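Below is structure26.tsv, holding TSV, C-alpha atoms.
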```
chain	number	residue	atom	x	y	z
M	1	MET	CA	0.00	0.00	0.00
M	2	ARG	CA	1.44	3.39	-1.06
M	3	ARG	CA	2.09	5.77	1.81
M	4	PRO	CA	0.39	9.15	1.57
M	5	LEU	CA	2.65	12.06	0.66
M	6	LYS	CA	3.44	14.37	3.55
M	7	THR	CA	3.15	18.07	2.95
M	8	MET	CA	6.12	20.34	3.69
M	9	PRO	CA	5.65	22.27	6.96
M	10	ALA	CA	4.79	25.91	6.30
M	11	ALA	CA	7.69	27.23	8.40
M	12	PHE	CA	10.23	25.09	6.50
M	13	ALA	CA	8.84	26.21	3.14
M	14	LEU	CA	9.15	29.87	4.11
M	15	ALA	CA	12.74	29.27	5.21
M	16	VAL	CA	13.64	27.75	1.85
M	17	VAL	CA	12.17	30.75	0.02
M	18	ALA	CA	14.02	33.18	2.27
M	19	CYS	CA	17.35	31.41	1.65
M	20	ALA	CA	16.81	31.57	-2.08
M	21	LEU	CA	16.22	35.31	-1.89
M	22	VAL	CA	19.40	36.05	0.01
M	23	LEU	CA	21.73	33.74	-1.95
M	24	PRO	CA	24.08	35.48	-4.42
M	25	ALA	CA	22.93	35.53	-8.02
M	26	THR	CA	25.84	33.30	-9.05
M	27	ALA	CA	24.56	30.60	-6.70
M	28	GLN	CA	21.12	30.63	-8.29
M	29	ALA	CA	22.06	30.62	-11.99
M	30	PRO	CA	25.56	31.21	-13.33
M	31	ALA	CA	25.64	34.09	-15.80
M	32	VAL	CA	26.60	33.21	-19.36
M	33	ASN	CA	29.26	35.39	-20.93
M	34	THR	CA	28.18	35.55	-24.55
M	35	SER	CA	31.15	37.71	-25.53
M	36	ALA	CA	33.47	34.80	-24.72
M	37	ALA	CA	31.68	32.50	-27.14
M	38	LEU	CA	33.86	33.50	-30.09
M	39	PRO	CA	37.67	33.45	-30.05
M	40	PRO	CA	39.53	36.67	-30.82
M	41	VAL	CA	39.80	37.52	-34.49
M	42	ARG	CA	43.16	36.49	-35.90
M	43	LYS	CA	44.73	39.27	-37.93
M	44	PHE	CA	46.54	38.40	-41.15
M	45	LYS	CA	49.19	40.95	-42.07
M	46	ALA	CA	51.50	41.08	-45.06
M	47	VAL	CA	53.50	43.45	-47.27
M	48	ASP	CA	52.24	44.07	-50.80
M	49	ALA	CA	54.12	44.75	-54.03
M	50	ASP	CA	54.19	48.48	-53.22
M	51	ASN	CA	55.97	47.72	-49.94
M	52	HIS	CA	52.87	48.73	-47.98
M	53	SER	CA	51.81	46.87	-44.84
M	54	VAL	CA	48.37	45.35	-45.43
M	55	LEU	CA	45.83	43.95	-42.99
M	56	ILE	CA	44.20	41.32	-45.17
M	57	ASN	CA	41.04	40.72	-43.10
M	58	LYS	CA	40.38	44.37	-42.32
M	59	PRO	CA	37.25	44.84	-40.19
M	60	GLY	CA	34.40	46.94	-41.50
M	61	THR	CA	34.40	45.51	-45.01
M	62	ILE	CA	33.91	42.27	-46.92
M	63	THR	CA	37.25	41.02	-48.23
M	64	LEU	CA	37.90	38.42	-50.89
M	65	LEU	CA	41.39	36.95	-50.75
M	66	LEU	CA	42.59	35.05	-53.80
M	67	GLY	CA	45.55	32.68	-53.61
M	68	THR	CA	47.27	32.02	-56.91
M	69	ASN	CA	50.58	31.00	-58.47
M	70	GLN	CA	52.12	30.75	-61.91
M	71	ASP	CA	49.87	27.82	-62.86
M	72	SER	CA	46.57	29.50	-61.94
M	73	GLN	CA	47.19	32.98	-63.37
M	74	ASP	CA	44.39	32.71	-65.94
M	75	ALA	CA	41.86	31.68	-63.29
M	76	ALA	CA	43.03	34.50	-61.02
M	77	ARG	CA	42.61	37.00	-63.83
M	78	ALA	CA	39.06	35.75	-64.51
M	79	ALA	CA	38.16	35.90	-60.81
M	80	GLY	CA	39.55	39.42	-60.56
M	81	GLN	CA	37.46	40.55	-63.51
M	82	ALA	CA	34.37	38.96	-61.92
M	83	MET	CA	34.97	41.30	-58.96
M	84	TYR	CA	35.15	44.45	-61.12
M	85	PRO	CA	31.50	45.46	-60.40
M	86	PHE	CA	32.30	45.53	-56.67
M	87	ARG	CA	35.55	47.46	-56.90
M	88	GLY	CA	35.50	50.93	-55.42
M	89	ARG	CA	32.68	50.12	-53.01
M	90	PRO	CA	33.23	51.10	-49.36
M	91	ASP	CA	32.09	47.66	-48.25
M	92	PHE	CA	34.41	45.49	-50.37
M	93	GLU	CA	38.13	44.81	-50.72
M	94	LEU	CA	40.06	42.46	-52.99
M	95	CYS	CA	43.46	41.11	-52.07
M	96	VAL	CA	45.65	38.66	-54.01
M	97	VAL	CA	48.45	36.49	-52.66
M	98	VAL	CA	50.86	35.02	-55.22
M	99	ASP	CA	52.60	31.87	-53.99
M	100	LEU	CA	56.16	32.03	-55.31
M	101	ARG	CA	57.79	29.69	-52.80
M	102	ASP	CA	60.55	27.58	-54.34
M	103	SER	CA	60.01	29.17	-57.75
M	104	ILE	CA	62.45	30.71	-60.18
M	105	ALA	CA	60.81	34.07	-59.43
M	106	ALA	CA	62.28	33.93	-55.94
M	107	TRP	CA	65.73	34.38	-57.49
M	108	ALA	CA	64.91	37.89	-58.71
M	109	PRO	CA	62.22	39.34	-56.43
M	110	SER	CA	62.87	42.94	-57.45
M	111	ILE	CA	62.13	42.16	-61.11
M	112	VAL	CA	58.96	40.25	-60.19
M	113	LEU	CA	57.68	43.04	-57.94
M	114	ALA	CA	58.35	45.63	-60.65
M	115	GLU	CA	56.31	43.57	-63.12
M	116	MET	CA	53.47	43.28	-60.58
M	117	ARG	CA	53.40	47.03	-60.07
M	118	SER	CA	53.35	47.62	-63.82
M	119	ASN	CA	50.37	45.26	-64.23
M	120	LEU	CA	48.53	46.99	-61.39
M	121	ASP	CA	49.11	50.37	-63.06
M	122	LYS	CA	47.50	49.07	-66.25
M	123	GLU	CA	44.58	47.44	-64.42
M	124	ALA	CA	43.82	50.69	-62.59
M	125	ILE	CA	42.83	52.23	-65.93
M	126	ASP	CA	40.31	49.44	-66.53
M	127	LEU	CA	38.94	49.78	-62.98
M	128	LYS	CA	38.30	53.52	-63.13
M	129	PRO	CA	34.78	53.27	-64.68
M	130	TYR	CA	33.71	50.78	-62.00
M	131	PHE	CA	35.00	53.05	-59.24
M	132	LEU	CA	33.07	55.98	-60.66
M	133	LYS	CA	29.91	53.90	-60.99
M	134	ASN	CA	30.21	53.05	-57.30
M	135	GLY	CA	30.61	56.71	-56.41
M	136	ASN	CA	34.35	56.49	-55.77
M	137	LYS	CA	36.48	59.18	-57.41
M	138	SER	CA	39.79	58.03	-55.92
M	139	ASN	CA	42.60	56.38	-57.86
M	140	PRO	CA	41.93	52.61	-58.11
M	141	ARG	CA	45.65	51.99	-57.94
M	142	SER	CA	45.76	52.97	-54.26
M	143	SER	CA	43.43	50.13	-53.28
M	144	SER	CA	45.01	47.37	-55.39
M	145	HIS	CA	46.92	44.94	-53.18
M	146	VAL	CA	48.98	42.06	-54.54
M	147	ILE	CA	51.22	40.18	-52.12
M	148	ALA	CA	54.17	38.16	-53.38
M	149	ASP	CA	55.10	35.34	-51.00
M	150	PHE	CA	58.66	34.36	-51.87
M	151	THR	CA	59.66	32.79	-48.55
M	152	GLY	CA	56.46	31.35	-47.06
M	153	THR	CA	55.71	34.19	-44.67
M	154	THR	CA	52.09	34.64	-45.80
M	155	CYS	CA	50.60	31.45	-47.28
M	156	PRO	CA	51.10	29.17	-44.25
M	157	GLN	CA	49.40	31.57	-41.85
M	158	LEU	CA	46.37	31.50	-44.17
M	159	GLY	CA	46.23	27.71	-43.99
M	160	TRP	CA	47.90	27.20	-47.37
M	161	THR	CA	50.86	25.20	-46.14
M	162	GLY	CA	51.34	23.21	-49.34
M	163	HIS	CA	51.55	24.19	-52.97
M	164	SER	CA	48.49	24.00	-55.22
M	165	ASP	CA	47.96	24.52	-58.93
M	166	ASN	CA	44.37	25.62	-58.21
M	167	LEU	CA	43.07	29.10	-57.57
M	168	ARG	CA	42.19	29.24	-53.89
M	169	GLY	CA	40.19	31.80	-51.97
M	170	ILE	CA	38.97	32.97	-48.59
M	171	LEU	CA	36.01	35.28	-47.99
M	172	PHE	CA	36.22	37.38	-44.81
M	173	GLY	CA	33.23	39.04	-43.17
M	174	GLY	CA	32.91	42.53	-41.77
M	175	ASP	CA	34.26	41.35	-38.42
M	176	GLY	CA	37.39	39.88	-39.99
M	177	ARG	CA	36.28	36.28	-39.53
M	178	GLU	CA	36.25	33.72	-42.31
M	179	LEU	CA	32.87	33.31	-44.00
M	180	LYS	CA	33.85	30.81	-46.67
M	181	HIS	CA	36.91	29.29	-48.30
M	182	TRP	CA	37.58	27.56	-51.58
M	183	ASP	CA	40.26	25.00	-52.37
M	184	LYS	CA	39.53	25.36	-56.08
M	185	ILE	CA	37.69	28.25	-57.70
M	186	GLU	CA	36.32	27.45	-61.13
M	187	ASP	CA	32.80	28.91	-61.36
M	188	MET	CA	33.29	32.68	-61.62
M	189	PRO	CA	29.57	33.61	-61.80
M	190	GLN	CA	28.99	31.61	-58.62
M	191	LEU	CA	31.96	33.29	-56.97
M	192	GLN	CA	30.48	36.67	-57.86
M	193	ALA	CA	27.09	35.60	-56.45
M	194	ASP	CA	28.68	34.45	-53.18
M	195	VAL	CA	30.54	37.71	-52.75
M	196	ARG	CA	27.44	39.73	-53.63
M	197	ALA	CA	25.39	37.87	-51.01
M	198	ALA	CA	28.03	38.55	-48.35
M	199	ILE	CA	28.12	42.27	-49.20
M	200	GLU	CA	24.32	42.48	-49.17
M	201	ALA	CA	24.11	40.83	-45.74
M	202	PHE	CA	26.85	43.09	-44.39
M	203	ASP	CA	25.08	46.22	-45.65
M	204	ARG	CA	21.77	45.19	-44.08
M	205	ALA	CA	23.47	44.49	-40.75
M	206	SER	CA	25.31	47.82	-40.84
M	207	VAL	CA	22.09	49.76	-41.44
M	208	ALA	CA	20.26	47.85	-38.70
M	209	LYS	CA	23.10	48.43	-36.24
M	210	ALA	CA	23.13	52.16	-36.94
M	211	ALA	CA	19.35	52.37	-36.55
M	212	ALA	CA	19.49	50.54	-33.22
M	213	ALA	CA	22.26	52.82	-31.94
M	214	ALA	CA	20.32	55.94	-32.98
M	215	LYS	CA	17.23	54.63	-31.18
M	216	THR	CA	19.01	53.97	-27.89
M	217	GLN	CA	21.60	56.77	-27.87
M	218	GLY	CA	19.92	59.44	-29.94
M	219	SER	CA	20.11	60.31	-33.61
M	220	LYS	CA	22.35	63.35	-32.99
M	221	LEU	CA	25.14	61.14	-31.65
M	222	ASN	CA	24.66	58.42	-34.26
M	223	GLN	CA	24.18	59.74	-37.74
M	224	PRO	CA	22.91	57.20	-40.29
M	225	PRO	CA	25.65	55.81	-42.56
M	226	ALA	CA	25.90	57.01	-46.13
M	227	PRO	CA	23.81	54.78	-48.38
M	228	PHE	CA	25.74	51.97	-50.00
M	229	PRO	CA	25.92	51.89	-53.82
M	230	PRO	CA	23.40	49.54	-55.43
M	231	LEU	CA	24.67	46.04	-56.03
M	232	PRO	CA	24.82	44.63	-59.56
M	233	PRO	CA	22.01	42.23	-60.42
M	234	VAL	CA	22.51	38.52	-59.97
M	235	LYS	CA	23.33	36.79	-63.23
M	236	PRO	CA	20.99	33.92	-64.22
M	237	GLY	CA	22.36	30.53	-63.26
M	238	SER	CA	24.74	31.86	-60.62
M	239	ASN	CA	22.75	30.52	-57.68
```

As structure tokens, please, write out the structure in this file.
Amino acid sequence: MRRPLKTMPAAFALAVVACALVLPATAQAPAVNTSAALPPVRKFKAVDADNHSVLINKPGTITLLLGTNQDSQDAARAAGQAMYPFRGRPDFELCVVVDLRDSIAAWAPSIVLAEMRSNLDKEAIDLKPYFLKNGNKSNPRSSSHVIADFTGTTCPQLGWTGHSDNLRGILFGGDGRELKHWDKIEDMPQLQADVRAAIEAFDRASVAKAAAAAKTQGSKLNQPPAPFPPLPPVKPGSN
């Protein structure tokens, strides 16, 4: 026969409630530190062909990093041209790393760097109309970054420890964290669509963040950001 349940004495119940009220908050439910959920952003720094120090995954913009070598030059050129509609935007950067480890080019780095600078000078002329279309009147040459890795100071830190004949890539978000990476880039329309989607998401988040700050802190302290240039339409078959 089951014994009847005994009710808790009223005095004991009140004592339990009182103890709960005076216990520290950490004893009741440990607080969760959401800011510690993500590790610190790793910064990737290098020196480009113009001898300028470059932060590859610069925060505040979407960055596409292309990794190429002498065998994937044609693919790199096609990928670069696929990014032309985004060049000059305030929310996008393109950076190229050329893997020249253990190559003949490493014997004459000054000649190779001079050739890179000459090619960038010529490309800047082709980029000018895209810059103007995106509302940017600056010289495209100043935002063209090509990094020659002769000694393995850049590629390994990006995870490219071994050589590859393929065009590789990493897409960084506005916080500097990796959004996507490719071991072999072949579909240029799809690459363009992926980058476009990342830029579009970043722009929406930036506008929402500014609106939230203006609502809580006042619109005088937080002016709305300048409107981003319109994105090019998605090409059919790129999704």

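With distances taken over all atoms listed in the file, M:Leu94 is the one residue among M:Leu94, M:Leu132, M:Ala105, M:Leu167 lying closest to M:Leu65.
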
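The residue that comes closest to M:Asp71, out of M:Glu186, M:Asp203, M:Asp165, M:Asp102 and on the basis of all atoms listed in the file, is M:Asp165.
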
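The nearest approach to M:Thr154 among the residues M:Lys128, M:Arg77, M:Lys43, M:Lys58, with all atoms listed in the file taken into account, belongs to M:Lys43.
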
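Neighbouring residues of M:Ala197 at 12 Å or closer, counting only C-alpha atoms and skipping chain neighbours under 6 positions away, are Ile62, Phe86, Phe92, Leu171, Gly173, Leu179, Lys180, Gln190, Leu191, Asp203, Arg204, Leu231, Pro232, Pro233, Val234, Ser238 and Asn239 of chain M.
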
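Nearest residue to M:Ser144, choosing from M:Glu93, M:Asp187, M:Asp126, M:Asp194 and counting all atoms listed in the file: M:Glu93.
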
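Nearest to M:Ala82 of all the residues M:Ala193, M:Leu38, M:Ala148, M:Val98 is M:Ala193, counting all atoms listed in the file.
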
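Atom CA of M:Val41 sits 6.3 Å away from atom CA of M:Arg177.
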
Atom-to-atom span, atom CA of M:Ala46 and atom CA of M:Phe172, Å:
15.7 Å

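Proximity to M:Pro59 was assessed for M:Leu100, M:Pro156, M:Ala114, M:Phe44 counting all atoms listed in the file; the smallest distance is recorded for M:Phe44.
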
Extract, using all atoms listed in the file, all DNA, RNA and protein residues at most 12 Å from M:Asp99, discarding same-chain residues fewer than 3 positions from it, and format them as a PyMOL selection string.
chain M and resi 66-73+96+102-106+146-156+158+160-168

Can you pull out every residue within 10 Å of M:Gly60, counting all atoms listed in the file, but drop anything in the same chain fewer than 5 positions away, and send it as a count of residues only?
9

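Between atom CA of M:Pro140 and atom CA of M:Ala124 there is a distance of 5.2 Å.
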